[in-house]
Amino acid sequence: VKEYLDYGERVTLAALKQLPKGKYSLVEPQDTGPDYTVDIEITDDEFIVDLRGNPDQDKGPFNMSRDESTVACQIAFKGIVSPDRLANGGTFRPLKVLTRHGSVFDPIYPAAQGIYYEITIRVHDLIWRCLAPHMPERLPAGGFASVCGTLFGGTHPDTGRAYAVIEPELGGWGGSSTSDGNPGQFSALHGETYNCPAEVAEARYGVTVDYLSFHDEHGGAGFHRGGKGVRIDYRIKSDNAWLTVAYTRDKVPPWPLKGGQPGSSNHILIQRANGETERYAVVSGLTLNTDDVIQVMTATGAGWGDPLARPPELVKQDVKNGYVTLEQAEKGYGVLLNPDTLEVEKLTGGRKN
């Protein structure tokens, strides 16, 4: 066992030597108001993540434990340093995580941590965004980067029994130097999470799934575009149901690389039975009634590279396959397509004919 753990450490140390050495910093505004910051130092034998400059612990549920902070750093560290090799205890010996007791990433008991999972992915994405501009060939642009935990429930209209749904959502990942971003995938923190098919949701919960598809919100154009976000419509079938969500990456969208465009946002639209619409990214215990619709909208990932450099033939295929609309092809990629034949009629937006 000792030899196996030592081998994990040697793999990491060998991989560290391939990374650019230096000190890197990032300050990023958050949807909730405060800035989060990270300082990273990479040497031949250490990868130091310093989170000590972050705000005091939140008075609400937006805190995460010191252990969870370490796990978030481990996930990012592994993805950056040696994602294709083994992981064991020795793998993380060169990683050093620094936190300040009493901060949002190392709170003092009994700080509330009900939304810890969103803060975990914020730390992961903070590290990723800090280093990506210095390793654009290795790391992709920002993705939807939210668990998008959707909690709702009520009384089943057929059985009268209480039901509750606790569901993370699919979203779009950022484009990279080698390919477009993955559409409709879970966030980096989910491991073996599986999406719930519409048929299963309708059979077990007191809802109807009116709509499940990629959406067409603007965002994510690039030489390699961001992966598509998802729209899911849940129609409530009984009165006095409830909804709680806490999405991040709403006001601050996924970040691009190398001249790409930012992604779209994570949010919820409530389509009331009376025709009114409400928009939320964070809400707790919202009352829903019969034929109200929860419309989940997860973000499309950000683009990598100049979208005007994307080959027109690829843009044409994107439109044909439903990943890009005709309007997005023209405004985002400078490619005007004939709506009937999808042949290229004109190159615009700074493209050379």
# chains A, B, ... in the order shown; residues from 1 in each chain; ligands from 1
call {"tool": "residues_around", "arguments": {"residues": "segment 25-39 of chain A", "least_positions_apart": "2", "cutoff": "6 Å", "atoms": "only C-alpha atoms", "output": "count of residues only"}}
result
5
call {"tool": "select_by_dssp", "arguments": {"residues": "segment 10-228 of chain A", "states": "strand (DSSP E)", "output": "count of residues only"}}
result
44
call {"tool": "closest_residue", "arguments": {"among": "A:Val97, A:Ile119, A:Ala221, A:Val296", "to": "Ser146 of chain A", "atoms": "only C-alpha atoms"}}
result
A:Ile119
call {"tool": "closest_residue", "arguments": {"among": "A:Ile236, A:Ala201, A:Asn63, A:Gly90", "to": "Ile108 of chain A", "atoms": "only C-alpha atoms"}}
result
A:Asn63
call {"tool": "residues_around", "arguments": {"residues": "Leu286 of chain A", "least_positions_apart": "6", "cutoff": "10 Å", "atoms": "only C-alpha atoms", "output": "list in words"}}
result
Phe152, Asn240, Ala241, Trp242, Leu243, Thr244 and Val245 of chain A
call {"tool": "write_last_selection", "arguments": {"atoms": "N, CA, C and O atoms", "output": "tab-separated table (two decimals), in the first residue's frame"}}
result
chain	number	residue	atom	x	y	z
A	152	PHE	N	-38.40	20.38	-5.20
A	152	PHE	CA	-39.82	20.74	-5.18
A	152	PHE	C	-40.63	19.52	-4.75
A	152	PHE	O	-40.18	18.37	-4.82
A	240	ASN	N	-50.68	23.92	-3.45
A	240	ASN	CA	-49.82	23.99	-2.26
A	240	ASN	C	-48.55	23.15	-2.39
A	240	ASN	O	-48.08	22.56	-1.42
A	241	ALA	N	-48.01	23.12	-3.60
A	241	ALA	CA	-46.67	22.55	-3.80
A	241	ALA	C	-45.64	23.63	-3.43
A	241	ALA	O	-45.98	24.79	-3.19
A	242	TRP	N	-44.39	23.23	-3.38
A	242	TRP	CA	-43.33	24.16	-2.98
A	242	TRP	C	-42.09	23.98	-3.85
A	242	TRP	O	-41.89	22.93	-4.46
A	243	LEU	N	-41.26	25.02	-3.91
A	243	LEU	CA	-40.04	25.00	-4.71
A	243	LEU	C	-38.92	25.71	-3.97
A	243	LEU	O	-39.12	26.80	-3.42
A	244	THR	N	-37.74	25.10	-3.95
A	244	THR	CA	-36.53	25.72	-3.42
A	244	THR	C	-35.40	25.50	-4.40
A	244	THR	O	-35.15	24.36	-4.81
A	245	VAL	N	-34.71	26.56	-4.80
A	245	VAL	CA	-33.54	26.45	-5.67
A	245	VAL	C	-32.47	27.43	-5.19
A	245	VAL	O	-32.78	28.44	-4.55
call {"tool": "residues_around", "arguments": {"residues": "Ala72 of chain A", "least_positions_apart": "5", "cutoff": "7 Å", "atoms": "only C-alpha atoms", "output": "PyMOL selection string"}}
result
chain A and resi 120-121+123-124
call {"tool": "select_by_dssp", "arguments": {"residues": "segment 63-183 of chain A", "states": "alpha helix (DSSP H)", "output": "NGL selection string"}}
result
:A and (66-81 or 116-131)
call {"tool": "residues_around", "arguments": {"residues": "Gly303 of chain A", "least_positions_apart": "4", "cutoff": "9 Å", "atoms": "only C-alpha atoms", "output": "PyMOL selection string"}}
result
chain A and resi 140-142+174-176+180-181+219-227+255-263+307
call {"tool": "closest_residue", "arguments": {"among": "A:Gly8, A:Pro20, A:Gly53, A:Gly149", "to": "Gly102 of chain A", "atoms": "only C-alpha atoms"}}
result
A:Gly53
call {"tool": "closest_residue", "arguments": {"among": "A:Leu126, A:Leu16, A:Leu189, A:Ala145", "to": "Trp173 of chain A", "atoms": "only C-alpha atoms"}}
result
A:Ala145
call {"tool": "closest_residue", "arguments": {"among": "A:Phe105, A:Tyr163, A:Tyr323, A:Tyr7", "to": "Asn88 of chain A", "atoms": "only C-alpha atoms"}}
result
A:Tyr7
call {"tool": "residues_around", "arguments": {"residues": "segment 206-215 of chain A", "least_positions_apart": "3", "cutoff": "10 Å", "atoms": "only C-alpha atoms", "output": "ChimeraX atom specification"}}
result
/A:153-165,170-172,183-184,197-203,218,227-238,241,290-291,293-300,322-324
call {"tool": "closest_residue", "arguments": {"among": "A:Gly191, A:Gly114, A:Pro94, A:Gly305", "to": "Ser177 of chain A", "atoms": "only C-alpha atoms"}}
result
A:Gly305
call {"tool": "atom_distance", "arguments": {"atom1": "atom CA of Cys148 of chain A", "atom2": "atom CA of Asn195 of chain A"}}
result
12.6 Å
call {"tool": "decode", "arguments": {"residues": "segment 230-242 of chain A", "atoms": "all heavy atoms", "output": "mmCIF file, in the first residue's frame"}}
result
data_model
loop_
_atom_site.group_PDB
_atom_site.id
_atom_site.type_symbol
_atom_site.label_atom_id
_atom_site.label_comp_id
_atom_site.auth_asym_id
_atom_site.auth_seq_id
_atom_site.Cartn_x
_atom_site.Cartn_y
_atom_site.Cartn_z
ATOM 1 N N VAL A 230 -29.786 23.257 -20.948
ATOM 2 C CA VAL A 230 -31.010 22.463 -21.048
ATOM 3 C C VAL A 230 -32.208 23.251 -20.518
ATOM 4 O O VAL A 230 -32.082 24.024 -19.567
ATOM 5 C CB VAL A 230 -30.851 21.146 -20.254
ATOM 6 C CG1 VAL A 230 -32.161 20.415 -20.086
ATOM 7 C CG2 VAL A 230 -29.836 20.238 -20.943
ATOM 8 N N ARG A 231 -33.344 23.040 -21.139
ATOM 9 C CA ARG A 231 -34.628 23.551 -20.624
ATOM 10 C C ARG A 231 -35.510 22.360 -20.254
ATOM 11 O O ARG A 231 -35.693 21.438 -21.040
ATOM 12 C CB ARG A 231 -35.340 24.397 -21.684
ATOM 13 C CG ARG A 231 -36.760 24.784 -21.283
ATOM 14 C CD ARG A 231 -37.478 25.536 -22.386
ATOM 15 N NE ARG A 231 -38.920 25.534 -22.184
ATOM 16 C CZ ARG A 231 -39.809 26.004 -23.064
ATOM 17 N NH1 ARG A 231 -39.398 26.528 -24.211
ATOM 18 N NH2 ARG A 231 -41.102 25.953 -22.809
ATOM 19 N N ILE A 232 -36.034 22.400 -19.023
ATOM 20 C CA ILE A 232 -36.973 21.379 -18.552
ATOM 21 C C ILE A 232 -38.182 22.080 -17.952
ATOM 22 O O ILE A 232 -38.021 22.956 -17.086
ATOM 23 C CB ILE A 232 -36.344 20.454 -17.486
ATOM 24 C CG1 ILE A 232 -34.995 19.910 -17.952
ATOM 25 C CG2 ILE A 232 -37.292 19.309 -17.157
ATOM 26 C CD1 ILE A 232 -34.272 19.116 -16.894
ATOM 27 N N ASP A 233 -39.374 21.728 -18.382
ATOM 28 C CA ASP A 233 -40.615 22.296 -17.850
ATOM 29 C C ASP A 233 -41.355 21.246 -17.024
ATOM 30 O O ASP A 233 -41.773 20.205 -17.568
ATOM 31 C CB ASP A 233 -41.533 22.763 -18.991
ATOM 32 C CG ASP A 233 -40.991 23.976 -19.732
ATOM 33 O OD1 ASP A 233 -39.874 24.411 -19.417
ATOM 34 O OD2 ASP A 233 -41.691 24.474 -20.641
ATOM 35 N N TYR A 234 -41.511 21.523 -15.737
ATOM 36 C CA TYR A 234 -42.293 20.653 -14.844
ATOM 37 C C TYR A 234 -43.631 21.323 -14.549
ATOM 38 O O TYR A 234 -43.665 22.409 -13.964
ATOM 39 C CB TYR A 234 -41.554 20.434 -13.522
ATOM 40 C CG TYR A 234 -40.249 19.681 -13.629
ATOM 41 C CD1 TYR A 234 -39.031 20.348 -13.527
ATOM 42 C CD2 TYR A 234 -40.234 18.309 -13.816
ATOM 43 C CE1 TYR A 234 -37.832 19.662 -13.601
ATOM 44 C CE2 TYR A 234 -39.035 17.608 -13.893
ATOM 45 C CZ TYR A 234 -37.840 18.298 -13.790
ATOM 46 O OH TYR A 234 -36.653 17.613 -13.862
ATOM 47 N N ARG A 235 -44.730 20.691 -14.923
ATOM 48 C CA ARG A 235 -46.057 21.236 -14.642
ATOM 49 C C ARG A 235 -46.594 20.612 -13.349
ATOM 50 O O ARG A 235 -46.726 19.391 -13.233
ATOM 51 C CB ARG A 235 -47.015 20.948 -15.801
ATOM 52 C CG ARG A 235 -48.430 21.528 -15.587
ATOM 53 C CD ARG A 235 -49.311 21.283 -16.803
ATOM 54 N NE ARG A 235 -48.776 21.956 -17.974
ATOM 55 C CZ ARG A 235 -49.041 23.225 -18.291
ATOM 56 N NH1 ARG A 235 -49.845 23.949 -17.503
ATOM 57 N NH2 ARG A 235 -48.523 23.771 -19.368
ATOM 58 N N ILE A 236 -46.889 21.477 -12.395
ATOM 59 C CA ILE A 236 -47.406 21.036 -11.103
ATOM 60 C C ILE A 236 -48.876 20.635 -11.251
ATOM 61 O O ILE A 236 -49.657 21.333 -11.915
ATOM 62 C CB ILE A 236 -47.246 22.152 -10.055
ATOM 63 C CG1 ILE A 236 -45.776 22.539 -9.910
ATOM 64 C CG2 ILE A 236 -47.818 21.723 -8.716
ATOM 65 C CD1 ILE A 236 -44.876 21.434 -9.428
ATOM 66 N N LYS A 237 -49.273 19.524 -10.616
ATOM 67 C CA LYS A 237 -50.626 18.984 -10.810
ATOM 68 C C LYS A 237 -51.491 19.020 -9.549
ATOM 69 O O LYS A 237 -52.564 18.411 -9.509
ATOM 70 C CB LYS A 237 -50.535 17.551 -11.331
ATOM 71 C CG LYS A 237 -49.748 17.407 -12.637
ATOM 72 C CD LYS A 237 -50.302 18.248 -13.757
ATOM 73 C CE LYS A 237 -51.643 17.743 -14.237
ATOM 74 N NZ LYS A 237 -52.161 18.525 -15.375
ATOM 75 N N SER A 238 -51.034 19.734 -8.507
ATOM 76 C CA SER A 238 -51.855 19.871 -7.297
ATOM 77 C C SER A 238 -51.504 21.180 -6.610
ATOM 78 O O SER A 238 -50.424 21.752 -6.839
ATOM 79 C CB SER A 238 -51.615 18.693 -6.338
ATOM 80 O OG SER A 238 -50.251 18.605 -5.983
ATOM 81 N N ASP A 239 -52.396 21.667 -5.757
ATOM 82 C CA ASP A 239 -52.165 22.937 -5.066
ATOM 83 C C ASP A 239 -51.211 22.766 -3.881
ATOM 84 O O ASP A 239 -50.978 21.650 -3.393
ATOM 85 C CB ASP A 239 -53.492 23.516 -4.563
ATOM 86 C CG ASP A 239 -54.358 24.035 -5.702
ATOM 87 O OD1 ASP A 239 -53.829 24.233 -6.815
ATOM 88 O OD2 ASP A 239 -55.572 24.233 -5.479
ATOM 89 N N ASN A 240 -50.679 23.918 -3.452
ATOM 90 C CA ASN A 240 -49.817 23.991 -2.262
ATOM 91 C C ASN A 240 -48.551 23.153 -2.395
ATOM 92 O O ASN A 240 -48.078 22.556 -1.425
ATOM 93 C CB ASN A 240 -50.588 23.573 -1.005
ATOM 94 C CG ASN A 240 -51.724 24.527 -0.691
ATOM 95 O OD1 ASN A 240 -51.541 25.748 -0.739
ATOM 96 N ND2 ASN A 240 -52.890 23.982 -0.387
ATOM 97 N N ALA A 241 -48.005 23.119 -3.603
ATOM 98 C CA ALA A 241 -46.675 22.553 -3.797
ATOM 99 C C ALA A 241 -45.640 23.626 -3.428
ATOM 100 O O ALA A 241 -45.984 24.786 -3.185
ATOM 101 C CB ALA A 241 -46.495 22.091 -5.239
ATOM 102 N N TRP A 242 -44.388 23.226 -3.376
ATOM 103 C CA TRP A 242 -43.333 24.163 -2.980
ATOM 104 C C TRP A 242 -42.094 23.975 -3.854
ATOM 105 O O TRP A 242 -41.887 22.929 -4.460
ATOM 106 C CB TRP A 242 -42.949 23.962 -1.513
ATOM 107 C CG TRP A 242 -42.572 22.546 -1.180
ATOM 108 C CD1 TRP A 242 -43.403 21.545 -0.752
ATOM 109 C CD2 TRP A 242 -41.271 21.945 -1.311
ATOM 110 N NE1 TRP A 242 -42.705 20.371 -0.594
ATOM 111 C CE2 TRP A 242 -41.383 20.592 -0.918
ATOM 112 C CE3 TRP A 242 -40.020 22.426 -1.689
ATOM 113 C CZ2 TRP A 242 -40.302 19.715 -0.912
ATOM 114 C CZ3 TRP A 242 -38.934 21.556 -1.690
ATOM 115 C CH2 TRP A 242 -39.078 20.213 -1.297
#
